[in-house]
Amino acid sequence: MVDRLQEAKRLLNIHHIGNIFLAVVFFILRQTPPICLSLFPTAENACELDWTEWQIIIFLAVMSAFKNKKQPNWIAYISNTCMYSKVVTLVLFFRQDPTYTLIYGIVCVVHMVLCPEKSYQGPENITYFRGPHLEDEIKRDTRVTWVVAFYAAWSPDCISFAPTFASISLKYSLPNLKFGKLDASKYQIIAESFRLDVSATSKQLPTVILFQGGREKKRRPYIDFNGKVTRFVMAEAYLVKDLDLNNIYQECKQNPIKIRSKAKSKEATSTPTEKKEN
């Protein structure tokens with residue numbers, strides 16, 4: 001319930017409100033007199049959707065249901081539906097007047113540039129790595145298990161995934177089970193060393209890799225034997241299950257890292273001296 005309320009708060013910002021408005025603006029203008037009479041005077045029924053428009057709406061509904069059936073959260077579902085709806089709206093405006101299409105396209109671009117989706121700024125227990133520090137930290141203490149997310153700041157999928165990864169980090173973090181992130185778009189050479197494609201058409205962002213004993217054990221999404229990226233829904237339940245985080249958490253909790261006290265450490269490293277006889 002709390003998670004849903006937090007998602008609802010994320011929805012109440014200018015990006016999402018503008019996105020939803022742009023997705024439905026054609027249907028509002030098309031059926032609201034006297035606006036419809038002014039904008040669509042040549043239409044047979046100026047203030048009613050015609051049969052072709054209804055067919056396009058049905059196609060949009062089917063496509064959205066098919067494409068969004070495994071979205072990690074309902075905000076991602078709404079965002080993707082709005083994206084498909086805006087593409088359909090371009091077609092609908094073009095049927096009425098190509099000029100409307102141009103104006104609508106410009107408004108969408110302006111909205112995207114001036115009102116981008118905000119990055120996650122809530123609570124988390126995550127270490128942000130820079131460049132080679134990631135590999136150094138993973139190998140520095142092999143007793144620590146690391147779960148690292150590779151992301152790109154420009155990727156909508158990565159932005160949507162950020163609250164999910166933050167939630168997992170808060171629930172599963174231990175001194176020997178840590179969570180980290182690396183901006184793959186900023187540190188491309190490091191990301192490529194982990195066999196990640198960081199191009200604009202990449203299907204590997206975000207990618208989550210589990211490191212144990214200083215080595216990679218699992219990753220999602222993973223690459224099959226043919227070198228193709230398998231589709232994976234980056235939802236919390238799927239990620240926890242596939243990475244076996246519940247069992248890893250229990251193992252790490254039952255086998256904590258033993259830290260020697262400074263007094264014992266000094267005693268172990270000091271050289272014994274002989275007492276002088278009087």
# chains A, B, ... in the order shown; residues from 1 in each chain; ligands from 1
>>> select_by_dssp(residues="region 30-181 of chain A", states="strand (DSSP E or B)", output="short mmCIF file (atom, residue, chain, number, x, y, z; two decimals) with all heavy atoms, in the first residue's frame")
data_model
loop_
_atom_site.label_atom_id
_atom_site.label_comp_id
_atom_site.auth_asym_id
_atom_site.auth_seq_id
_atom_site.Cartn_x
_atom_site.Cartn_y
_atom_site.Cartn_z
N THR A 127 25.71 2.27 -3.35
CA THR A 127 26.99 2.92 -3.60
C THR A 127 27.10 3.25 -5.09
O THR A 127 26.89 2.38 -5.93
CB THR A 127 28.16 1.99 -3.21
OG1 THR A 127 28.06 1.66 -1.82
CG2 THR A 127 29.49 2.66 -3.48
N TYR A 128 27.39 4.51 -5.41
CA TYR A 128 27.55 4.92 -6.80
C TYR A 128 29.04 4.90 -7.17
O TYR A 128 29.84 5.58 -6.55
CB TYR A 128 26.96 6.31 -7.02
CG TYR A 128 25.45 6.30 -7.04
CD1 TYR A 128 24.72 6.29 -5.84
CD2 TYR A 128 24.75 6.28 -8.23
CE1 TYR A 128 23.33 6.27 -5.85
CE2 TYR A 128 23.36 6.26 -8.25
CZ TYR A 128 22.66 6.25 -7.05
OH TYR A 128 21.29 6.22 -7.07
N PHE A 129 29.36 4.10 -8.18
CA PHE A 129 30.75 3.90 -8.57
C PHE A 129 31.15 4.83 -9.71
O PHE A 129 30.32 5.21 -10.54
CB PHE A 129 30.99 2.45 -9.00
CG PHE A 129 30.89 1.47 -7.87
CD1 PHE A 129 29.77 0.67 -7.73
CD2 PHE A 129 31.91 1.35 -6.95
CE1 PHE A 129 29.67 -0.24 -6.69
CE2 PHE A 129 31.84 0.44 -5.90
CZ PHE A 129 30.71 -0.35 -5.78
N THR A 145 29.26 -9.87 -1.08
CA THR A 145 28.46 -10.08 -2.29
C THR A 145 27.94 -8.73 -2.77
O THR A 145 27.38 -7.95 -1.99
CB THR A 145 27.28 -11.02 -2.01
OG1 THR A 145 27.79 -12.31 -1.64
CG2 THR A 145 26.38 -11.16 -3.23
N TRP A 146 28.11 -8.47 -4.06
CA TRP A 146 27.67 -7.20 -4.65
C TRP A 146 26.57 -7.43 -5.66
O TRP A 146 26.63 -8.37 -6.46
CB TRP A 146 28.82 -6.49 -5.34
CG TRP A 146 29.73 -5.72 -4.41
CD1 TRP A 146 30.90 -6.15 -3.85
CD2 TRP A 146 29.51 -4.39 -3.92
NE1 TRP A 146 31.44 -5.17 -3.04
CE2 TRP A 146 30.61 -4.08 -3.07
CE3 TRP A 146 28.53 -3.43 -4.11
CZ2 TRP A 146 30.73 -2.84 -2.42
CZ3 TRP A 146 28.64 -2.21 -3.47
CH2 TRP A 146 29.72 -1.92 -2.64
N VAL A 147 25.55 -6.58 -5.63
CA VAL A 147 24.51 -6.55 -6.66
C VAL A 147 24.60 -5.17 -7.30
O VAL A 147 24.33 -4.16 -6.65
CB VAL A 147 23.11 -6.78 -6.06
CG1 VAL A 147 22.06 -6.77 -7.17
CG2 VAL A 147 23.06 -8.09 -5.29
N VAL A 148 25.00 -5.13 -8.57
CA VAL A 148 25.29 -3.86 -9.23
C VAL A 148 24.37 -3.65 -10.43
O VAL A 148 24.22 -4.55 -11.26
CB VAL A 148 26.77 -3.80 -9.70
CG1 VAL A 148 27.07 -2.46 -10.36
CG2 VAL A 148 27.70 -4.03 -8.51
N ALA A 149 23.77 -2.47 -10.49
CA ALA A 149 22.91 -2.10 -11.61
C ALA A 149 23.66 -1.16 -12.54
O ALA A 149 24.23 -0.16 -12.10
CB ALA A 149 21.64 -1.43 -11.10
N PHE A 150 23.68 -1.50 -13.82
CA PHE A 150 24.28 -0.64 -14.84
C PHE A 150 23.13 0.09 -15.54
O PHE A 150 22.19 -0.54 -16.01
CB PHE A 150 25.07 -1.48 -15.84
CG PHE A 150 26.28 -2.15 -15.25
CD1 PHE A 150 26.16 -3.33 -14.54
CD2 PHE A 150 27.55 -1.60 -15.40
CE1 PHE A 150 27.27 -3.96 -13.98
CE2 PHE A 150 28.66 -2.21 -14.86
CZ PHE A 150 28.53 -3.40 -14.14
N TYR A 151 23.23 1.40 -15.61
CA TYR A 151 22.12 2.19 -16.13
C TYR A 151 22.63 3.32 -17.02
O TYR A 151 23.84 3.56 -17.13
CB TYR A 151 21.31 2.78 -14.97
CG TYR A 151 22.04 3.88 -14.21
CD1 TYR A 151 21.77 5.23 -14.44
CD2 TYR A 151 23.03 3.58 -13.27
CE1 TYR A 151 22.45 6.24 -13.77
CE2 TYR A 151 23.72 4.58 -12.59
CZ TYR A 151 23.42 5.90 -12.84
OH TYR A 151 24.10 6.89 -12.18
N LEU A 174 23.19 -5.68 3.71
CA LEU A 174 23.91 -6.16 4.89
C LEU A 174 25.38 -5.73 4.73
O LEU A 174 25.79 -5.34 3.62
CB LEU A 174 23.83 -7.68 5.00
CG LEU A 174 22.47 -8.30 5.33
CD1 LEU A 174 22.53 -9.81 5.14
CD2 LEU A 174 22.04 -7.96 6.75
N LEU A 177 26.46 -7.89 2.04
CA LEU A 177 25.58 -7.93 0.87
C LEU A 177 25.26 -6.48 0.50
O LEU A 177 24.43 -5.83 1.15
CB LEU A 177 24.30 -8.71 1.17
CG LEU A 177 23.24 -8.74 0.04
CD1 LEU A 177 23.83 -9.27 -1.26
CD2 LEU A 177 22.04 -9.59 0.47
N LYS A 178 25.95 -5.98 -0.50
CA LYS A 178 25.88 -4.55 -0.82
C LYS A 178 25.33 -4.33 -2.24
O LYS A 178 25.40 -5.22 -3.09
CB LYS A 178 27.25 -3.90 -0.68
CG LYS A 178 27.81 -3.97 0.75
CD LYS A 178 29.15 -3.27 0.85
CE LYS A 178 29.69 -3.32 2.27
NZ LYS A 178 30.98 -2.60 2.39
N PHE A 179 24.84 -3.13 -2.43
CA PHE A 179 24.24 -2.76 -3.71
C PHE A 179 24.96 -1.53 -4.29
O PHE A 179 25.31 -0.61 -3.55
CB PHE A 179 22.75 -2.46 -3.53
CG PHE A 179 21.95 -3.67 -3.16
CD1 PHE A 179 21.93 -4.13 -1.85
CD2 PHE A 179 21.24 -4.37 -4.12
CE1 PHE A 179 21.21 -5.27 -1.50
CE2 PHE A 179 20.52 -5.51 -3.78
CZ PHE A 179 20.50 -5.96 -2.48
N GLY A 180 25.16 -1.56 -5.60
CA GLY A 180 25.86 -0.46 -6.25
C GLY A 180 25.27 -0.14 -7.61
O GLY A 180 24.49 -0.91 -8.17
N LYS A 181 25.64 1.02 -8.14
CA LYS A 181 25.19 1.44 -9.47
C LYS A 181 26.35 2.08 -10.22
O LYS A 181 27.22 2.71 -9.62
CB LYS A 181 24.03 2.43 -9.37
CG LYS A 181 22.76 1.84 -8.81
CD LYS A 181 21.61 2.84 -8.78
CE LYS A 181 20.97 2.99 -10.13
NZ LYS A 181 19.73 3.81 -10.07
#
>>> residues_around(residues="Asn255 (chain A)", least_positions_apart="3", cutoff="12 Å", atoms="only C-alpha atoms", output="list in words")
Arg143, Val144, Thr145, Leu174, Pro175, Asn176, Leu177, Ile248, Tyr249, Gln250, Glu251, Cys252 and Lys258 of chain A
>>> closest_residue(among="A:Phe211, A:Tyr187, A:Tyr238, A:Tyr104", to="Phe165 (chain A)", atoms="only C-alpha atoms")
A:Tyr238
>>> closest_residue(among="A:Lys203, A:Ile209, A:Lys86, A:Asp197", to="Val109 (chain A)", atoms="only C-alpha atoms")
A:Lys86
>>> atom_distance(atom1="CA of Ser185 (chain A)", atom2="CA of Ile159 (chain A)")
13.3 Å
>>> residues_around(residues="Leu239 (chain A)", least_positions_apart="6", cutoff="12 Å", atoms="only C-alpha atoms", output="PyMOL selection string")
chain A and resi 72+147+149+161+164-165+167-169+207-210+218-221+232-233+245-246
>>> write_last_selection(atoms="N, CA, C and O atoms", output="JSON list (two decimals), in the first residue's frame")
[["chain", "number", "residue", "atom", "x", "y", "z"],
["A", 72, "PRO", "N", 7.12, -3.47, -15.03],
["A", 72, "PRO", "CA", 7.49, -3.64, -13.62],
["A", 72, "PRO", "C", 6.56, -2.91, -12.65],
["A", 72, "PRO", "O", 6.42, -3.32, -11.50],
["A", 147, "VAL", "N", 25.55, -6.58, -5.63],
["A", 147, "VAL", "CA", 24.51, -6.55, -6.66],
["A", 147, "VAL", "C", 24.60, -5.17, -7.30],
["A", 147, "VAL", "O", 24.33, -4.16, -6.65],
["A", 149, "ALA", "N", 23.77, -2.47, -10.49],
["A", 149, "ALA", "CA", 22.91, -2.10, -11.61],
["A", 149, "ALA", "C", 23.66, -1.16, -12.54],
["A", 149, "ALA", "O", 24.23, -0.16, -12.10],
["A", 161, "PHE", "N", 13.21, 2.00, -13.49],
["A", 161, "PHE", "CA", 13.74, 0.91, -12.67],
["A", 161, "PHE", "C", 14.36, 1.40, -11.37],
["A", 161, "PHE", "O", 14.46, 0.64, -10.40],
["A", 164, "THR", "N", 12.62, 0.66, -8.05],
["A", 164, "THR", "CA", 12.62, -0.79, -7.78],
["A", 164, "THR", "C", 13.94, -1.22, -7.17],
["A", 164, "THR", "O", 13.97, -1.94, -6.16],
["A", 165, "PHE", "N", 15.05, -0.78, -7.75],
["A", 165, "PHE", "CA", 16.36, -1.17, -7.24],
["A", 165, "PHE", "C", 16.61, -0.55, -5.87],
["A", 165, "PHE", "O", 17.22, -1.18, -4.99],
["A", 167, "SER", "N", 14.31, 0.07, -3.63],
["A", 167, "SER", "CA", 13.51, -0.70, -2.69],
["A", 167, "SER", "C", 14.21, -2.00, -2.31],
["A", 167, "SER", "O", 14.25, -2.38, -1.13],
["A", 168, "ILE", "N", 14.80, -2.68, -3.29],
["A", 168, "ILE", "CA", 15.52, -3.93, -3.02],
["A", 168, "ILE", "C", 16.73, -3.66, -2.13],
["A", 168, "ILE", "O", 17.02, -4.43, -1.20],
["A", 169, "SER", "N", 17.44, -2.56, -2.39],
["A", 169, "SER", "CA", 18.63, -2.24, -1.60],
["A", 169, "SER", "C", 18.27, -1.99, -0.14],
["A", 169, "SER", "O", 19.04, -2.35, 0.77],
["A", 207, "THR", "N", 20.88, -3.29, -16.66],
["A", 207, "THR", "CA", 21.32, -4.66, -16.40],
["A", 207, "THR", "C", 21.77, -4.75, -14.95],
["A", 207, "THR", "O", 22.45, -3.87, -14.45],
["A", 208, "VAL", "N", 21.38, -5.83, -14.28],
["A", 208, "VAL", "CA", 21.77, -6.07, -12.90],
["A", 208, "VAL", "C", 22.66, -7.30, -12.85],
["A", 208, "VAL", "O", 22.28, -8.37, -13.37],
["A", 209, "ILE", "N", 23.85, -7.16, -12.26],
["A", 209, "ILE", "CA", 24.80, -8.27, -12.18],
["A", 209, "ILE", "C", 25.08, -8.60, -10.72],
["A", 209, "ILE", "O", 25.30, -7.71, -9.90],
["A", 210, "LEU", "N", 25.06, -9.90, -10.42],
["A", 210, "LEU", "CA", 25.38, -10.40, -9.08],
["A", 210, "LEU", "C", 26.83, -10.87, -9.06],
["A", 210, "LEU", "O", 27.23, -11.71, -9.87],
["A", 218, "LYS", "N", 25.61, -14.12, -11.83],
["A", 218, "LYS", "CA", 24.36, -14.04, -12.59],
["A", 218, "LYS", "C", 24.18, -12.62, -13.10],
["A", 218, "LYS", "O", 24.72, -11.68, -12.54],
["A", 219, "ARG", "N", 23.35, -12.50, -14.14],
["A", 219, "ARG", "CA", 22.96, -11.18, -14.62],
["A", 219, "ARG", "C", 21.56, -11.28, -15.23],
["A", 219, "ARG", "O", 21.16, -12.31, -15.74],
["A", 220, "ARG", "N", 20.86, -10.15, -15.12],
["A", 220, "ARG", "CA", 19.55, -10.04, -15.75],
["A", 220, "ARG", "C", 19.44, -8.66, -16.38],
["A", 220, "ARG", "O", 19.70, -7.68, -15.71],
["A", 221, "PRO", "N", 19.05, -8.58, -17.67],
["A", 221, "PRO", "CA", 18.80, -9.70, -18.57],
["A", 221, "PRO", "C", 20.11, -10.38, -18.97],
["A", 221, "PRO", "O", 21.16, -9.72, -18.98],
["A", 232, "PHE", "N", 13.62, -9.60, -20.22],
["A", 232, "PHE", "CA", 13.42, -9.79, -18.78],
["A", 232, "PHE", "C", 12.70, -8.58, -18.22],
["A", 232, "PHE", "O", 13.06, -7.44, -18.51],
["A", 233, "VAL", "N", 11.67, -8.83, -17.43],
["A", 233, "VAL", "CA", 10.91, -7.75, -16.79],
["A", 233, "VAL", "C", 11.60, -7.39, -15.49],
["A", 233, "VAL", "O", 11.72, -8.22, -14.58],
["A", 245, "LEU", "N", 17.88, -13.79, -4.20],
["A", 245, "LEU", "CA", 18.30, -12.86, -3.16],
["A", 245, "LEU", "C", 17.85, -13.27, -1.76],
["A", 245, "LEU", "O", 18.53, -12.97, -0.77],
["A", 246, "ASN", "N", 16.72, -13.94, -1.66],
["A", 246, "ASN", "CA", 16.24, -14.36, -0.34],
["A", 246, "ASN", "C", 17.23, -15.33, 0.32],
["A", 246, "ASN", "O", 17.58, -15.18, 1.49]]
>>> atom_distance(atom1="CA of Asp224 (chain A)", atom2="CA of Val198 (chain A)")
18.0 Å
>>> closest_residue(among="A:Glu124, A:Gly214, A:Ser85, A:Ala166", to="Asp136 (chain A)", atoms="only C-alpha atoms")
A:Gly214
>>> closest_residue(among="A:Ala43, A:Cys158, A:Ile14, A:Asn68", to="Leu114 (chain A)", atoms="only C-alpha atoms")
A:Ile14
>>> closest_residue(among="A:Gln121, A:Gly213, A:Leu90, A:Ser193", to="Thr142 (chain A)", atoms="only C-alpha atoms")
A:Gly213
>>> closest_residue(among="A:Leu134, A:Val87, A:Ala153, A:Ile257", to="Glu117 (chain A)", atoms="only C-alpha atoms")
A:Ala153
>>> residues_around(residues="Glu48 (chain A)", least_positions_apart="5", cutoff="9 Å", atoms="only C-alpha atoms", output="list of chain:residue names")
A:Arg30, A:Gln31, A:Cys36, A:Ala43
>>> atom_distance(atom1="CA of Met83 (chain A)", atom2="CA of Arg95 (chain A)")
19.2 Å
>>> residues_around(residues="Leu92 (chain A)", least_positions_apart="2", cutoff="12 Å", atoms="only C-alpha atoms", output="PyMOL selection string")
chain A and resi 23-27+29-30+40+49-50+52-57+60+85-90+94-101+104
>>> write_last_selection(atoms="N, CA, C and O atoms", output="compact mmCIF listing (two decimals), in the first residue's frame")
# COMPACT_ATOMS: atom_id res chain seq x y z
N ALA A 23 -1.58 12.53 -24.59
CA ALA A 23 -2.08 11.24 -25.07
C ALA A 23 -3.57 11.28 -25.40
O ALA A 23 -4.04 10.53 -26.26
N VAL A 24 -4.32 12.16 -24.73
CA VAL A 24 -5.78 12.17 -24.91
C VAL A 24 -6.29 13.45 -25.55
O VAL A 24 -7.51 13.61 -25.73
N VAL A 25 -5.40 14.38 -25.89
CA VAL A 25 -5.83 15.70 -26.35
C VAL A 25 -6.67 15.62 -27.62
O VAL A 25 -7.64 16.39 -27.79
N PHE A 26 -6.35 14.69 -28.52
CA PHE A 26 -7.13 14.60 -29.76
C PHE A 26 -8.58 14.24 -29.46
O PHE A 26 -9.51 14.83 -30.04
N PHE A 27 -8.77 13.28 -28.56
CA PHE A 27 -10.13 12.84 -28.25
C PHE A 27 -10.92 13.93 -27.54
O PHE A 27 -12.14 14.04 -27.71
N LEU A 29 -10.40 17.31 -28.02
CA LEU A 29 -10.70 18.32 -29.03
C LEU A 29 -11.75 17.82 -30.03
O LEU A 29 -12.59 18.60 -30.49
N ARG A 30 -11.69 16.53 -30.32
CA ARG A 30 -12.57 15.95 -31.34
C ARG A 30 -14.03 15.90 -30.89
O ARG A 30 -14.94 15.89 -31.72
N PHE A 40 -12.35 20.90 -36.87
CA PHE A 40 -12.64 19.82 -37.82
C PHE A 40 -13.91 20.11 -38.62
O PHE A 40 -14.86 19.31 -38.60
N LEU A 49 -16.41 10.75 -33.19
CA LEU A 49 -15.37 9.92 -33.80
C LEU A 49 -15.98 9.09 -34.92
O LEU A 49 -17.07 8.51 -34.74
N ASP A 50 -15.30 9.02 -36.06
CA ASP A 50 -15.81 8.18 -37.15
C ASP A 50 -15.33 6.74 -36.97
O ASP A 50 -14.57 6.42 -36.05
N THR A 52 -13.31 4.84 -38.69
CA THR A 52 -11.86 4.61 -38.82
C THR A 52 -11.13 5.00 -37.53
O THR A 52 -10.21 4.29 -37.09
N GLU A 53 -11.55 6.08 -36.94
CA GLU A 53 -10.92 6.52 -35.68
C GLU A 53 -11.18 5.52 -34.56
O GLU A 53 -10.30 5.25 -33.74
N TRP A 54 -12.37 4.95 -34.53
CA TRP A 54 -12.65 3.92 -33.53
C TRP A 54 -11.79 2.68 -33.75
O TRP A 54 -11.32 2.06 -32.79
N GLN A 55 -11.57 2.34 -34.99
CA GLN A 55 -10.70 1.18 -35.29
C GLN A 55 -9.27 1.44 -34.81
O GLN A 55 -8.61 0.54 -34.28
N ILE A 56 -8.80 2.67 -35.00
CA ILE A 56 -7.45 3.02 -34.55
C ILE A 56 -7.37 2.96 -33.03
O ILE A 56 -6.37 2.49 -32.47
N ILE A 57 -8.42 3.40 -32.34
CA ILE A 57 -8.44 3.35 -30.88
C ILE A 57 -8.41 1.90 -30.39
O ILE A 57 -7.69 1.56 -29.43
N LEU A 60 -4.98 0.61 -30.75
CA LEU A 60 -4.14 1.15 -29.68
C LEU A 60 -4.33 0.38 -28.38
O LEU A 60 -3.36 0.04 -27.69
N SER A 85 -0.01 6.06 -27.51
CA SER A 85 -1.15 6.93 -27.80
C SER A 85 -0.71 8.17 -28.56
O SER A 85 -1.42 8.65 -29.47
N LYS A 86 0.46 8.71 -28.23
CA LYS A 86 0.94 9.90 -28.93
C LYS A 86 1.28 9.59 -30.39
O LYS A 86 1.06 10.43 -31.27
N VAL A 87 1.80 8.40 -30.63
CA VAL A 87 2.07 8.00 -32.02
C VAL A 87 0.76 7.90 -32.80
O VAL A 87 0.64 8.37 -33.93
N VAL A 88 -0.25 7.29 -32.18
CA VAL A 88 -1.57 7.16 -32.81
C VAL A 88 -2.20 8.53 -33.02
O VAL A 88 -2.82 8.80 -34.05
N THR A 89 -2.00 9.44 -32.06
CA THR A 89 -2.56 10.79 -32.16
C THR A 89 -1.97 11.54 -33.35
O THR A 89 -2.67 12.31 -34.03
N LEU A 90 -0.69 11.34 -33.63
CA LEU A 90 -0.08 11.94 -34.81
C LEU A 90 -0.81 11.50 -36.08
O LEU A 90 -1.08 12.32 -36.98
N PHE A 94 -3.12 13.81 -38.56
CA PHE A 94 -2.74 13.87 -39.98
C PHE A 94 -3.94 13.60 -40.88
O PHE A 94 -4.06 14.19 -41.96
N ARG A 95 -4.83 12.72 -40.44
CA ARG A 95 -6.04 12.44 -41.23
C ARG A 95 -6.92 13.69 -41.36
O ARG A 95 -7.63 13.85 -42.36
N GLN A 96 -6.88 14.55 -40.36
CA GLN A 96 -7.71 15.75 -40.39
C GLN A 96 -7.00 16.91 -41.10
O GLN A 96 -7.60 17.57 -41.95
N ASP A 97 -5.73 17.11 -40.73
CA ASP A 97 -4.97 18.22 -41.33
C ASP A 97 -3.49 18.02 -41.00
O ASP A 97 -3.12 17.99 -39.81
N PRO A 98 -2.60 17.88 -42.02
CA PRO A 98 -1.17 17.69 -41.76
C PRO A 98 -0.56 18.80 -40.89
O PRO A 98 0.41 18.56 -40.17
N THR A 99 -1.15 20.00 -40.95
CA THR A 99 -0.64 21.10 -40.13
C THR A 99 -0.80 20.79 -38.64
O THR A 99 0.08 21.11 -37.82
N TYR A 100 -1.91 20.15 -38.29
CA TYR A 100 -2.14 19.77 -36.89
C TYR A 100 -1.07 18.78 -36.42
O TYR A 100 -0.62 18.83 -35.28
N THR A 101 -0.68 17.90 -37.33
CA THR A 101 0.35 16.91 -36.99
C THR A 101 1.67 17.60 -36.66
O THR A 101 2.35 17.25 -35.71
N TYR A 104 1.35 19.42 -33.29
CA TYR A 104 1.32 18.44 -32.19
C TYR A 104 2.71 17.84 -31.97
O TYR A 104 3.15 17.67 -30.82
>>> select_by_dssp(residues="region 230-265 of chain A", states="alpha helix (DSSP H)", output="PyMOL selection string")
chain A and resi 236-242+245-254+262-265
>>> write_last_selection(atoms="N, CA and C atoms", output="compact mmCIF listing (two decimals), in the first residue's frame")
# COMPACT_ATOMS: atom_id res chain seq x y z
N GLU A 236 10.52 -6.09 -9.14
CA GLU A 236 11.19 -6.50 -7.92
C GLU A 236 11.03 -8.00 -7.66
N ALA A 237 9.82 -8.52 -7.82
CA ALA A 237 9.57 -9.93 -7.53
C ALA A 237 10.39 -10.84 -8.44
N TYR A 238 10.44 -10.51 -9.74
CA TYR A 238 11.20 -11.33 -10.69
C TYR A 238 12.70 -11.26 -10.41
N LEU A 239 13.18 -10.07 -10.08
CA LEU A 239 14.61 -9.89 -9.85
C LEU A 239 15.06 -10.63 -8.59
N VAL A 240 14.28 -10.52 -7.52
CA VAL A 240 14.60 -11.22 -6.27
C VAL A 240 14.62 -12.72 -6.49
N LYS A 241 13.66 -13.23 -7.25
CA LYS A 241 13.57 -14.67 -7.51
C LYS A 241 14.73 -15.15 -8.38
N ASP A 242 15.00 -14.46 -9.49
CA ASP A 242 16.02 -14.92 -10.43
C ASP A 242 17.44 -14.82 -9.87
N LEU A 245 17.88 -13.79 -4.20
CA LEU A 245 18.30 -12.86 -3.16
C LEU A 245 17.85 -13.27 -1.76
N ASN A 246 16.72 -13.94 -1.66
CA ASN A 246 16.24 -14.36 -0.34
C ASN A 246 17.23 -15.33 0.32
N ASN A 247 17.69 -16.31 -0.44
CA ASN A 247 18.66 -17.28 0.10
C ASN A 247 20.01 -16.64 0.34
N ILE A 248 20.43 -15.77 -0.59
CA ILE A 248 21.72 -15.08 -0.41
C ILE A 248 21.69 -14.21 0.83
N TYR A 249 20.56 -13.55 1.05
CA TYR A 249 20.41 -12.69 2.24
C TYR A 249 20.53 -13.50 3.52
N GLN A 250 19.88 -14.66 3.57
CA GLN A 250 19.95 -15.51 4.76
C GLN A 250 21.35 -16.04 4.99
N GLU A 251 22.04 -16.43 3.90
CA GLU A 251 23.42 -16.93 4.03
C GLU A 251 24.35 -15.84 4.54
N CYS A 252 24.21 -14.64 4.00
CA CYS A 252 25.06 -13.53 4.43
C CYS A 252 24.76 -13.14 5.88
N LYS A 253 23.49 -13.23 6.26
CA LYS A 253 23.10 -12.87 7.62
C LYS A 253 23.64 -13.89 8.63
N GLN A 254 23.66 -15.17 8.24
CA GLN A 254 24.15 -16.22 9.13
C GLN A 254 25.67 -16.30 9.17
N LYS A 262 40.89 -3.59 17.13
CA LYS A 262 42.19 -2.96 16.93
C LYS A 262 43.22 -3.47 17.92
N ALA A 263 42.78 -3.76 19.15
CA ALA A 263 43.72 -4.24 20.18
C ALA A 263 44.29 -5.59 19.78
N LYS A 264 43.40 -6.51 19.31
CA LYS A 264 43.86 -7.83 18.91
C LYS A 264 44.73 -7.75 17.67
N SER A 265 44.34 -6.81 16.77
CA SER A 265 45.12 -6.67 15.55
C SER A 265 46.54 -6.20 15.86
>>> residues_around(residues="region 77-79 of chain A", least_positions_apart="2", cutoff="12 Å", atoms="only C-alpha atoms", output="PyMOL selection string")
chain A and resi 7-8+10-11+15-23+64-75+81-86+117+156-157+159-160
>>> decode(residues="region 80-93 of chain A", atoms="N, CA and C atoms", output="compact mmCIF listing (two decimals), in the first residue's frame")
# COMPACT_ATOMS: atom_id res chain seq x y z
N ASN A 80 4.26 3.98 -21.04
CA ASN A 80 4.32 3.30 -22.33
C ASN A 80 3.02 3.48 -23.11
N THR A 81 1.89 3.40 -22.39
CA THR A 81 0.60 3.60 -23.05
C THR A 81 0.50 5.00 -23.64
N CYS A 82 0.99 5.99 -22.91
CA CYS A 82 1.00 7.38 -23.41
C CYS A 82 1.87 7.51 -24.65
N MET A 83 2.99 6.81 -24.65
CA MET A 83 3.89 6.87 -25.80
C MET A 83 3.19 6.32 -27.06
N TYR A 84 2.53 5.14 -26.94
CA TYR A 84 1.82 4.58 -28.08
C TYR A 84 0.66 5.48 -28.50
N SER A 85 -0.01 6.06 -27.51
CA SER A 85 -1.15 6.93 -27.80
C SER A 85 -0.71 8.17 -28.56
N LYS A 86 0.46 8.71 -28.23
CA LYS A 86 0.94 9.90 -28.93
C LYS A 86 1.28 9.59 -30.39
N VAL A 87 1.80 8.40 -30.63
CA VAL A 87 2.07 8.00 -32.02
C VAL A 87 0.76 7.90 -32.80
N VAL A 88 -0.25 7.29 -32.18
CA VAL A 88 -1.57 7.16 -32.81
C VAL A 88 -2.20 8.53 -33.02
N THR A 89 -2.00 9.44 -32.06
CA THR A 89 -2.56 10.79 -32.16
C THR A 89 -1.97 11.54 -33.35
N LEU A 90 -0.69 11.34 -33.63
CA LEU A 90 -0.08 11.94 -34.81
C LEU A 90 -0.81 11.50 -36.08
N VAL A 91 -1.14 10.22 -36.15
CA VAL A 91 -1.86 9.69 -37.31
C VAL A 91 -3.26 10.29 -37.39
N LEU A 92 -3.93 10.37 -36.26
CA LEU A 92 -5.29 10.90 -36.24
C LEU A 92 -5.33 12.38 -36.66
N PHE A 93 -4.37 13.16 -36.17
CA PHE A 93 -4.31 14.56 -36.57
C PHE A 93 -3.98 14.70 -38.06
